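Pasting start.tsv here (TSV, C-alpha atoms (C1' of nucleotides)):
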```
chain	number	residue	atom	x	y	z
A	1	MET	CA	155.95	68.97	86.29
A	2	PRO	CA	155.21	66.04	84.06
A	3	VAL	CA	152.86	66.57	81.23
A	4	ALA	CA	150.08	64.13	81.95
A	5	ALA	CA	146.53	64.29	80.77
A	6	SER	CA	143.81	62.38	82.58
A	7	THR	CA	142.67	61.22	79.19
A	8	PRO	CA	145.65	60.81	76.88
A	9	PHE	CA	145.56	62.78	73.66
A	10	PRO	CA	144.89	60.69	70.58
A	11	VAL	CA	147.74	60.84	68.11
A	12	LEU	CA	149.16	58.91	65.19
A	13	CYS	CA	152.87	58.10	65.25
A	14	LEU	CA	155.10	57.32	62.31
A	15	ALA	CA	158.64	56.10	62.97
A	16	GLY	CA	161.38	54.28	61.12
A	17	ALA	CA	165.06	54.38	60.33
A	18	THR	CA	166.66	57.35	58.68
A	19	ALA	CA	166.02	57.49	54.92
A	20	SER	CA	163.15	55.03	55.13
A	21	GLY	CA	160.72	57.46	53.55
A	22	LYS	CA	158.96	58.85	56.62
A	23	THR	CA	158.66	62.37	55.29
A	24	SER	CA	156.69	61.51	52.17
A	25	LEU	CA	154.52	58.96	53.96
A	26	ALA	CA	153.74	61.50	56.65
A	27	LEU	CA	152.67	64.00	54.03
A	28	ALA	CA	150.40	61.42	52.45
A	29	MET	CA	148.88	60.75	55.88
A	30	ALA	CA	148.41	64.43	56.57
A	31	LYS	CA	146.65	64.92	53.27
A	32	ALA	CA	144.45	61.88	53.67
A	33	LEU	CA	143.39	62.70	57.22
A	34	GLY	CA	143.65	66.46	57.42
A	35	GLY	CA	146.66	66.28	59.68
A	36	ALA	CA	149.43	68.34	61.17
A	37	ILE	CA	152.95	66.92	61.17
A	38	ILE	CA	154.83	67.18	64.44
A	39	ASN	CA	158.54	66.49	64.57
A	40	ALA	CA	159.73	63.59	66.74
A	41	ASP	CA	163.34	63.75	65.69
A	42	SER	CA	166.00	65.02	68.04
A	43	ARG	CA	168.18	66.58	65.32
A	44	GLN	CA	165.59	68.03	62.96
A	45	ILE	CA	164.53	70.29	65.78
A	46	TYR	CA	167.67	72.40	65.28
A	47	ALA	CA	167.64	75.36	62.93
A	48	ASP	CA	171.19	75.24	61.64
A	49	PHE	CA	171.13	71.88	59.81
A	50	PRO	CA	167.88	71.61	57.85
A	51	LEU	CA	169.54	69.90	54.90
A	52	ILE	CA	172.08	67.65	56.61
A	53	CYS	CA	169.55	66.41	59.14
A	54	ALA	CA	166.91	65.95	56.43
A	55	GLN	CA	164.12	68.18	57.63
A	56	PRO	CA	161.15	68.35	55.28
A	57	THR	CA	161.89	70.94	52.61
A	58	PRO	CA	160.03	74.26	52.57
A	59	GLU	CA	157.99	72.90	49.65
A	60	GLU	CA	157.03	69.85	51.68
A	61	GLN	CA	156.27	71.93	54.73
A	62	ALA	CA	153.97	74.10	52.65
A	63	GLN	CA	151.74	71.10	51.94
A	64	ALA	CA	150.59	70.65	55.54
A	65	PRO	CA	151.12	72.38	58.88
A	66	HIS	CA	154.45	71.38	60.41
A	67	TYR	CA	155.55	71.79	64.01
A	68	LEU	CA	158.87	71.65	65.84
A	69	TYR	CA	161.18	71.71	62.85
A	70	GLY	CA	164.21	73.97	63.05
A	71	ILE	CA	163.05	75.77	66.17
A	72	LEU	CA	166.17	75.59	68.35
A	73	PRO	CA	169.60	77.18	68.13
A	74	SER	CA	172.49	74.76	67.98
A	75	THR	CA	173.54	75.49	71.55
A	76	ALA	CA	170.15	74.64	73.08
A	77	LYS	CA	169.92	71.35	74.91
A	78	ILE	CA	166.80	69.30	74.53
A	79	SER	CA	165.81	66.16	76.36
A	80	ALA	CA	163.10	63.60	75.85
A	81	GLY	CA	161.09	65.20	78.63
A	82	GLU	CA	161.45	68.71	77.26
A	83	TRP	CA	160.51	67.48	73.83
A	84	CYS	CA	157.34	66.00	75.31
A	85	HIS	CA	156.38	69.45	76.56
A	86	LEU	CA	156.92	70.95	73.13
A	87	ALA	CA	155.02	68.12	71.50
A	88	HIS	CA	152.19	68.61	73.97
A	89	ASP	CA	151.83	72.25	72.99
A	90	ALA	CA	151.97	71.38	69.30
A	91	ILE	CA	149.32	68.69	69.71
A	92	VAL	CA	147.03	71.09	71.56
A	93	SER	CA	147.50	73.66	68.85
A	94	ALA	CA	146.76	71.14	66.09
A	95	ARG	CA	143.62	69.92	67.85
A	96	LYS	CA	142.34	73.47	68.17
A	97	GLN	CA	142.47	73.62	64.38
A	98	HIS	CA	140.81	70.22	64.12
A	99	LEU	CA	143.93	68.73	62.63
A	100	VAL	CA	144.99	65.15	63.27
A	101	PRO	CA	148.34	65.20	65.13
A	102	ILE	CA	150.82	63.03	63.27
A	103	LEU	CA	154.09	62.56	65.17
A	104	VAL	CA	156.92	61.74	62.77
A	105	GLY	CA	160.55	61.00	63.44
A	106	GLY	CA	163.31	58.56	64.11
A	107	THR	CA	164.02	59.15	67.78
A	108	GLY	CA	162.73	56.05	69.50
A	109	MET	CA	163.10	57.44	72.97
A	110	TYR	CA	160.81	60.35	72.17
A	111	PHE	CA	158.02	58.00	71.14
A	112	GLN	CA	158.70	55.93	74.22
A	113	ALA	CA	158.30	58.97	76.44
A	114	LEU	CA	155.24	60.18	74.55
A	115	LEU	CA	153.30	56.92	74.55
A	116	HIS	CA	154.50	55.41	77.83
A	117	GLY	CA	155.36	58.42	79.89
A	118	ILE	CA	158.60	59.23	81.60
A	119	VAL	CA	159.35	59.37	85.31
A	120	PRO	CA	159.26	62.96	86.58
A	121	ILE	CA	162.81	63.25	87.85
A	122	PRO	CA	163.52	66.90	88.67
A	123	PRO	CA	166.03	68.81	86.54
A	124	ILE	CA	169.62	68.13	87.53
A	125	ASP	CA	171.95	70.92	88.61
A	126	PRO	CA	174.42	71.29	85.71
A	127	ALA	CA	177.25	71.78	88.21
A	128	LEU	CA	176.54	68.36	89.72
A	129	ARG	CA	176.77	66.69	86.33
A	130	ALA	CA	179.92	68.63	85.47
A	131	THR	CA	181.53	67.44	88.69
A	132	LEU	CA	180.64	63.82	87.99
A	133	GLU	CA	181.86	64.05	84.41
A	134	ALA	CA	185.14	65.54	85.55
A	135	ARG	CA	185.55	62.71	88.01
A	136	MET	CA	184.68	60.22	85.28
A	137	ASP	CA	187.51	61.61	83.17
A	138	ALA	CA	189.95	61.67	86.06
A	139	GLU	CA	189.10	58.42	87.83
A	140	GLY	CA	187.68	56.30	85.04
A	141	PRO	CA	184.34	54.53	84.83
A	142	LEU	CA	185.21	51.73	87.22
A	143	ALA	CA	185.50	54.01	90.23
A	144	LEU	CA	182.11	55.60	89.63
A	145	TYR	CA	180.55	52.31	88.71
A	146	GLY	CA	181.64	51.08	92.13
A	147	GLU	CA	179.81	53.97	93.75
A	148	LEU	CA	176.73	53.17	91.75
A	149	GLU	CA	176.87	49.56	92.90
A	150	ALA	CA	176.86	50.84	96.45
A	151	CYS	CA	173.90	53.22	96.14
A	152	ASP	CA	171.83	51.51	93.45
A	153	PRO	CA	172.88	47.89	92.99
A	154	SER	CA	169.94	46.85	90.86
A	155	TYR	CA	170.49	49.58	88.28
A	156	ALA	CA	174.23	49.00	88.35
A	157	LYS	CA	173.60	45.38	87.51
A	158	SER	CA	171.49	46.36	84.51
A	159	ILE	CA	174.17	48.46	82.80
A	160	HIS	CA	177.75	47.83	81.80
A	161	GLN	CA	180.61	49.21	83.86
A	162	ASN	CA	181.92	51.08	80.81
A	163	ASP	CA	178.67	52.92	80.17
A	164	ARG	CA	179.90	56.32	81.32
A	165	GLN	CA	176.79	58.18	80.26
A	166	ARG	CA	174.39	56.01	82.24
A	167	ILE	CA	176.67	55.79	85.26
A	168	VAL	CA	176.80	59.58	85.47
A	169	ARG	CA	173.07	59.86	84.94
A	170	ALA	CA	172.24	57.39	87.69
A	171	LEU	CA	174.66	58.98	90.15
A	172	GLU	CA	173.46	62.51	89.51
A	173	VAL	CA	169.86	61.47	90.05
A	174	PHE	CA	170.78	59.75	93.30
A	175	HIS	CA	172.84	62.65	94.61
A	176	GLN	CA	170.29	65.27	93.71
A	177	THR	CA	167.05	63.53	94.68
A	178	GLY	CA	168.21	61.19	97.41
A	179	HIS	CA	166.48	58.31	95.61
A	180	PRO	CA	168.24	55.70	93.53
A	181	PHE	CA	167.61	55.89	89.81
A	182	SER	CA	165.92	52.50	89.91
A	183	TRP	CA	163.57	53.74	92.65
A	184	TRP	CA	162.33	56.39	90.26
A	185	HIS	CA	161.80	53.80	87.56
A	186	HIS	CA	159.47	51.90	89.84
A	187	GLN	CA	157.20	54.88	90.51
A	188	LYS	CA	154.83	53.78	87.81
A	189	SER	CA	152.02	55.92	89.18
A	190	LEU	CA	154.11	59.01	88.46
A	191	GLN	CA	154.76	57.90	84.92
A	192	GLN	CA	151.63	58.70	82.96
A	193	PRO	CA	151.65	58.78	79.18
A	194	PHE	CA	149.92	61.82	77.82
A	195	CYS	CA	149.29	60.46	74.36
A	196	GLN	CA	147.85	57.28	72.99
A	197	GLY	CA	147.69	55.93	69.52
A	198	PRO	CA	149.30	53.55	67.07
A	199	LEU	CA	153.02	53.52	66.40
A	200	TYR	CA	153.53	52.81	62.72
A	201	VAL	CA	157.06	51.76	61.89
A	202	ILE	CA	158.52	51.60	58.42
A	203	ALA	CA	160.45	48.35	58.32
A	204	ALA	CA	163.30	48.96	55.88
A	205	SER	CA	166.25	46.60	55.63
A	206	LEU	CA	169.77	47.97	55.58
A	207	ASP	CA	170.26	46.55	52.10
A	208	TRP	CA	167.31	48.59	50.91
A	209	LEU	CA	168.36	51.64	52.90
A	210	GLU	CA	172.03	51.77	51.96
A	211	PRO	CA	171.68	52.95	48.34
A	212	ARG	CA	169.05	55.44	49.46
A	213	ILE	CA	171.42	56.80	52.09
A	214	ARG	CA	174.15	57.21	49.47
A	215	ALA	CA	171.81	58.90	47.05
A	216	ARG	CA	170.48	61.20	49.73
A	217	ILE	CA	173.96	62.28	50.76
A	218	ASP	CA	174.78	63.01	47.13
A	219	SER	CA	171.68	65.09	46.73
A	220	MET	CA	172.37	66.91	50.00
A	221	MET	CA	175.81	67.80	48.67
A	222	GLU	CA	174.27	69.12	45.48
A	223	SER	CA	171.81	71.16	47.48
A	224	GLY	CA	174.52	72.88	49.49
A	225	ALA	CA	175.33	70.75	52.52
A	226	LEU	CA	178.88	72.13	52.66
A	227	LYS	CA	177.58	75.68	52.69
A	228	GLU	CA	175.17	74.75	55.44
A	229	ALA	CA	177.96	73.31	57.58
A	230	LYS	CA	180.14	76.35	56.96
A	231	GLU	CA	177.39	78.76	57.94
A	232	ALA	CA	176.44	76.70	60.96
A	233	PHE	CA	180.04	76.83	62.11
A	234	ALA	CA	180.09	80.60	61.73
A	235	ARG	CA	176.97	80.80	63.86
A	236	CYS	CA	178.00	78.16	66.39
A	237	PRO	CA	181.74	77.48	66.48
A	238	ASN	CA	181.38	75.35	69.58
A	239	THR	CA	181.28	71.90	68.05
A	240	GLU	CA	180.41	70.41	71.41
A	241	ALA	CA	177.00	72.03	71.04
A	242	PRO	CA	174.16	69.53	70.79
A	243	ALA	CA	173.24	70.22	67.16
A	244	TRP	CA	176.74	69.32	66.01
A	245	SER	CA	176.18	65.71	66.98
A	246	GLY	CA	173.96	65.25	63.94
A	247	ILE	CA	175.50	62.71	61.58
A	248	GLY	CA	177.15	64.45	58.65
A	249	CYS	CA	177.77	67.68	60.54
A	250	TRP	CA	181.20	67.03	61.95
A	251	GLU	CA	182.17	64.85	58.99
A	252	LEU	CA	181.69	67.83	56.70
A	253	LEU	CA	183.39	70.12	59.18
A	254	ALA	CA	186.38	67.80	59.31
A	255	TYR	CA	186.67	68.21	55.55
A	256	LEU	CA	186.24	71.99	55.73
A	257	ARG	CA	189.06	72.11	58.27
A	258	GLY	CA	191.29	70.02	56.02
A	259	ARG	CA	191.41	67.05	58.38
A	260	VAL	CA	190.06	64.55	55.84
A	261	SER	CA	189.49	64.50	52.09
A	262	LEU	CA	186.02	65.03	50.72
A	263	ASP	CA	185.78	61.37	49.73
A	264	GLU	CA	186.70	60.30	53.24
A	265	ALA	CA	184.19	62.69	54.75
A	266	LEU	CA	181.38	61.40	52.57
A	267	ALA	CA	182.35	57.78	53.22
A	268	LEU	CA	182.27	58.41	56.98
A	269	TRP	CA	178.97	60.22	56.72
A	270	CYS	CA	177.50	57.26	54.88
A	271	LYS	CA	178.98	54.70	57.25
A	272	HIS	CA	177.76	56.51	60.35
A	273	THR	CA	174.31	56.96	58.89
A	274	ARG	CA	174.10	53.26	58.11
A	275	ALA	CA	175.20	52.31	61.62
A	276	TYR	CA	172.61	54.68	63.01
A	277	ALA	CA	169.88	53.16	60.86
A	278	LYS	CA	170.86	49.76	62.20
A	279	ARG	CA	170.48	50.96	65.79
A	280	GLN	CA	167.12	52.48	64.96
A	281	ASN	CA	165.90	49.24	63.40
A	282	THR	CA	167.01	47.33	66.48
A	283	TRP	CA	165.15	49.76	68.72
A	284	PHE	CA	161.89	49.71	66.80
A	285	ARG	CA	162.00	45.96	66.22
A	286	GLY	CA	161.75	45.51	69.96
A	287	ARG	CA	158.63	47.68	70.46
A	288	LYS	CA	155.70	45.43	71.14
A	289	GLU	CA	153.20	48.12	70.21
A	290	ALA	CA	154.79	48.81	66.82
A	291	ILE	CA	152.81	48.13	63.66
A	292	PHE	CA	155.21	47.44	60.81
A	293	PHE	CA	154.83	48.39	57.18
A	294	GLN	CA	157.10	47.89	54.22
A	295	PRO	CA	158.31	51.13	52.65
A	296	LYS	CA	155.99	50.63	49.67
A	297	GLN	CA	152.84	49.86	51.61
A	298	GLU	CA	151.62	53.43	51.59
A	299	ALA	CA	148.05	52.47	50.77
A	300	ASP	CA	147.88	49.95	53.63
A	301	LEU	CA	149.34	52.44	56.02
A	302	LEU	CA	146.82	55.11	55.05
A	303	ALA	CA	143.90	52.71	55.39
A	304	HIS	CA	145.18	51.67	58.80
A	305	ALA	CA	145.60	55.28	59.86
A	306	VAL	CA	142.08	56.26	58.86
A	307	GLN	CA	140.64	53.32	60.75
A	308	ASP	CA	142.80	53.86	63.84
A	309	TRP	CA	141.96	57.54	63.96
A	310	ASP	CA	138.29	56.69	63.83
A	311	ARG	CA	138.72	54.29	66.75
A	312	LEU	CA	140.71	56.84	68.71
A	313	GLN	CA	137.90	59.36	68.23
A	314	LYS	CA	135.37	56.85	69.51
A	315	GLY	CA	137.60	55.96	72.42
A	316	VAL	CA	137.85	52.30	71.45
A	317	PHE	CA	141.47	52.23	70.32
A	318	GLN	CA	143.42	49.39	71.89
A	319	GLY	CA	146.97	50.59	72.36
B	1	G	C1'	214.98	40.18	32.10
B	2	C	C1'	217.79	40.95	36.85
B	3	C	C1'	217.76	42.40	42.15
B	4	G	C1'	214.85	43.30	46.45
B	5	A	C1'	210.18	43.15	49.43
B	6	G	C1'	205.72	40.82	49.84
B	7	G	C1'	201.29	37.23	49.09
B	8	U	C1'	197.65	35.24	56.37
B	9	A	C1'	189.67	36.93	57.98
B	10	G	C1'	185.58	41.34	53.39
B	11	C	C1'	189.94	45.40	54.11
B	12	U	C1'	194.80	46.92	56.59
B	13	C	C1'	198.20	44.02	58.90
B	14	A	C1'	200.52	41.14	63.30
B	15	G	C1'	202.29	36.30	64.49
B	16	U	C1'	203.99	31.24	64.84
B	17	C	C1'	212.76	30.33	67.12
B	18	G	C1'	208.14	23.94	63.18
B	19	G	C1'	202.77	21.68	67.15
B	20	U	C1'	196.87	24.11	61.79
B	21	A	C1'	196.64	31.69	63.94
B	22	G	C1'	194.92	37.11	66.14
B	23	A	C1'	194.30	42.63	66.35
B	24	G	C1'	192.05	47.10	64.27
B	25	C	C1'	188.44	48.44	60.81
B	26	G	C1'	184.14	46.63	58.24
B	27	G	C1'	180.00	43.21	58.73
B	28	G	C1'	176.35	40.72	62.08
B	29	G	C1'	173.49	40.53	66.82
B	30	G	C1'	171.78	43.20	71.10
B	31	C	C1'	170.93	46.88	75.20
B	32	C	C1'	168.45	51.46	76.00
B	33	U	C1'	163.47	55.59	81.33
B	34	G	C1'	165.08	63.47	80.69
B	35	A	C1'	172.47	63.72	76.10
B	36	A	C1'	169.12	58.87	72.26
B	37	A	C1'	171.67	61.06	65.00
B	38	A	C1'	173.92	59.99	72.10
B	39	G	C1'	176.13	56.10	75.05
B	40	C	C1'	177.26	50.92	75.69
B	41	C	C1'	177.84	45.37	75.20
B	42	C	C1'	178.55	40.62	72.50
B	43	U	C1'	180.51	38.35	67.97
B	44	G	C1'	186.73	36.40	64.07
B	45	U	C1'	187.77	28.58	60.70
B	46	G	C1'	190.53	31.55	57.42
B	47	U	C1'	192.59	25.90	51.25
B	48	C	C1'	198.02	31.31	56.44
B	49	A	C1'	198.90	32.03	47.18
B	50	G	C1'	199.63	26.89	44.31
B	51	C	C1'	202.60	22.49	44.02
B	52	A	C1'	206.58	19.44	45.73
B	53	G	C1'	210.41	18.19	49.45
B	54	U	C1'	212.50	17.58	54.63
B	55	U	C1'	209.89	16.18	59.26
B	56	C	C1'	206.12	12.31	63.83
B	57	A	C1'	204.20	17.28	62.51
B	58	A	C1'	204.93	22.80	57.68
B	59	U	C1'	201.18	28.60	57.48
B	60	U	C1'	206.29	28.62	59.69
B	61	C	C1'	212.27	25.48	56.87
B	62	U	C1'	213.91	24.20	51.53
B	63	G	C1'	212.87	24.11	46.25
B	64	U	C1'	209.73	25.62	42.49
B	65	U	C1'	205.46	28.04	39.95
B	66	C	C1'	202.13	32.06	39.80
B	67	C	C1'	200.73	37.02	41.32
B	68	U	C1'	201.60	42.15	43.54
B	69	C	C1'	204.79	46.26	44.71
B	70	G	C1'	209.52	48.86	44.54
B	71	G	C1'	214.60	49.46	42.18
B	72	C	C1'	217.87	48.51	37.95
B	73	A	C1'	217.80	47.59	32.87
```
Could you take the file, read its structure, and then write that structure out as structure tokens?
Amino acid sequence: MPVAASTPFPVLCLAGATASGKTSLALAMAKALGGAIINADSRQIYADFPLICAQPTPEEQAQAPHYLYGILPSTAKISAGEWCHLAHDAIVSARKQHLVPILVGGTGMYFQALLHGIVPIPPIDPALRATLEARMDAEGPLALYGELEACDPSYAKSIHQNDRQRIVRALEVFHQTGHPFSWWHHQKSLQQPFCQGPLYVIAASLDWLEPRIRARIDSMMESGALKEAKEAFARCPNTEAPAWSGIGCWELLAYLRGRVSLDEALALWCKHTRAYAKRQNTWFRGRKEAIFFQPKQEADLLAHAVQDWDRLQKGVFQG
RNA sequence: GCCGAGGUAGCUCAGUCGGUAGAGCGGGGGCCUGAAAAGCCCUGUGUCAGCAGUUCAAUUCUGUUCCUCGGCA
């Protein structure tokens, strides 16, 4: 069942591209407001890559209560909806301790689901997806796209015929539920957000981010990123597992397996991180509810947060 | 110094049997409803090394200069 509260929980959200300085700003917010930090990052939730995926360090985590960091094994799948359930529990727990829930991360879709809700499509039978994916491999995207055009023309029109992931998703939903994917999207009454609050976004340009990304990768290497990848591989040799899709994970593994030189691995890691940051910026730029801050505007952000939290408490926050 | 191979988009290169050029990568822009650190789309004018010659027309042929890389000294 969807997690939906009749009155949405008040929360503060802090988002931004990777390496934009979310972790330290979140800590400052938590200290200023008496807050708990709740992870809204799809990779930092895994236990095997704390360094490579840039979880807050143990020292940082000791400075305020932290939730949902490093709680899943690499093989566990998580989805936006499942994350919402976990976040819900964390928020309830924080509120019981009179802590301000501060959601922090770079996964735009998680914030989307949290603040706008997500349609309650039932879980899909893994065998159904496996069948569709096998057909996708065998028949190519065009064949399945044609089927989608037949059963859900409006959604088909909204995606590209090469978008294998979304074609499979839309078909599996149709086959399992009997309703087109787009039908579900229109059930706005079923899509209730269970949180409300401001979405602060750190607006960091790629030019500003790039040297930080390089420096961070260097410091991760010094702190033992290679060892982390090696140990993660020993624990989870299936590199198809969800946690392995974190940027830097397979790049380092490729080096450990002798497929690329260390320099090449680090260059790829950096390049992929930069491309990811660009996608994140594009996503957040388009959020109409986002409130943007420059990386150095910590004081402004804190003042805003104090004021917004006050309004949320009084029930006069305008999302 | 001689011989050979090259100098074309930020990079690696293709190509034009003479009619001013195009791929990959990078870069830029964008999409996103339960995989989202995922998946997907759009986007290529550059003295075709310089100069001169032949030609209606040269990046393409010829000569020459410069530079790079091999080989021989």
Compile the residues of chain A that lie within 7 Å of chain B, evaluated using all atoms listed in the file, and express the compilation as a PyMOL selection string.
chain A and resi 43+79-81+107+109+118-119+160+162-163+165+185+245-247+276
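Interatomic distance, atom CA of Ala243 of chain A against atom CA of Ser261 of chain A: 22.9 Å.
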Met221 of chain A environment, 12 Å, only C-alpha atoms (C1' of nucleotides), sequence neighbours closer than 3 positions dropped, as a PyMOL selection string:
chain A and resi 51-52+54+214-218+224-229+248+252+262-263+265-266+269
Find the residues near His88 of chain A: any atom within 12 Å, counting all atoms listed in the file, skip ones fewer than 6 places away on the same chain, and give them as an MDAnalysis selection string.
chainID A and resid 2:5 8:11 38:40 67:68 81:82 94:95 101 103 113:115 193:195
List the residues sitting within 12 Å of (168.4, 47.7, 52.2) in the file's frame, using all atoms listed in the file, as a list in words.
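Neighbouring residues, ordered by chain and number, come to Ala17, Thr18, Ala19, Ser20, Ala203, Ala204, Ser205, Leu206, Asp207, Trp208, Leu209, Glu210, Pro211, Arg212, Ile213, Arg214, Arg274, Ala277, Lys278, Asn281, Gln294 and Pro295 of chain A.
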Could you dump the residues just selected with C-alpha atoms as an mmCIF file, keeping the file's coordinate frame?
```cif
data_model
loop_
_atom_site.group_PDB
_atom_site.id
_atom_site.type_symbol
_atom_site.label_atom_id
_atom_site.label_comp_id
_atom_site.auth_asym_id
_atom_site.auth_seq_id
_atom_site.Cartn_x
_atom_site.Cartn_y
_atom_site.Cartn_z
ATOM 1 C CA ALA A 17 165.060 54.380 60.330
ATOM 2 C CA THR A 18 166.660 57.350 58.680
ATOM 3 C CA ALA A 19 166.020 57.490 54.920
ATOM 4 C CA SER A 20 163.150 55.030 55.130
ATOM 5 C CA ALA A 203 160.450 48.350 58.320
ATOM 6 C CA ALA A 204 163.300 48.960 55.880
ATOM 7 C CA SER A 205 166.250 46.600 55.630
ATOM 8 C CA LEU A 206 169.770 47.970 55.580
ATOM 9 C CA ASP A 207 170.260 46.550 52.100
ATOM 10 C CA TRP A 208 167.310 48.590 50.910
ATOM 11 C CA LEU A 209 168.360 51.640 52.900
ATOM 12 C CA GLU A 210 172.030 51.770 51.960
ATOM 13 C CA PRO A 211 171.680 52.950 48.340
ATOM 14 C CA ARG A 212 169.050 55.440 49.460
ATOM 15 C CA ILE A 213 171.420 56.800 52.090
ATOM 16 C CA ARG A 214 174.150 57.210 49.470
ATOM 17 C CA ARG A 274 174.100 53.260 58.110
ATOM 18 C CA ALA A 277 169.880 53.160 60.860
ATOM 19 C CA LYS A 278 170.860 49.760 62.200
ATOM 20 C CA ASN A 281 165.900 49.240 63.400
ATOM 21 C CA GLN A 294 157.100 47.890 54.220
ATOM 22 C CA PRO A 295 158.310 51.130 52.650
#
```
For atom CA of Gly34 of chain A and atom CA of Pro65 of chain A, determine how far apart the two atoms are, in Å to one decimal place.
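So the answer is 9.6 Å.
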Give me, as number ranges by chain, all polymer residues having an atom no more than 12 Å from A9 of chain B, counting only C-alpha atoms (C1' of nucleotides) and skipping those fewer than 2 positions away in the same chain.
B: 11-13, 21-23, 25-27, 44-46, 48
Taking the point (202.8, 22.4, 46.7) as given in the file, collect each protein or nucleic acid residue that comes within 12 Å of it, counting only C-alpha atoms (C1' of nucleotides), and present the set as a list in words.
U47, A49, G50, C51, A52, G53, A58, G63, U64, U65 and C66 of chain B
Figure out the distance between atom CA of Ile121 of chain A and atom CA of Ser42 of chain A, please, to one decimal in Å.
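Taking atom CA of Ser42 of chain A as the start and atom CA of Ile121 of chain A as the end point, the length is 20.1 Å.
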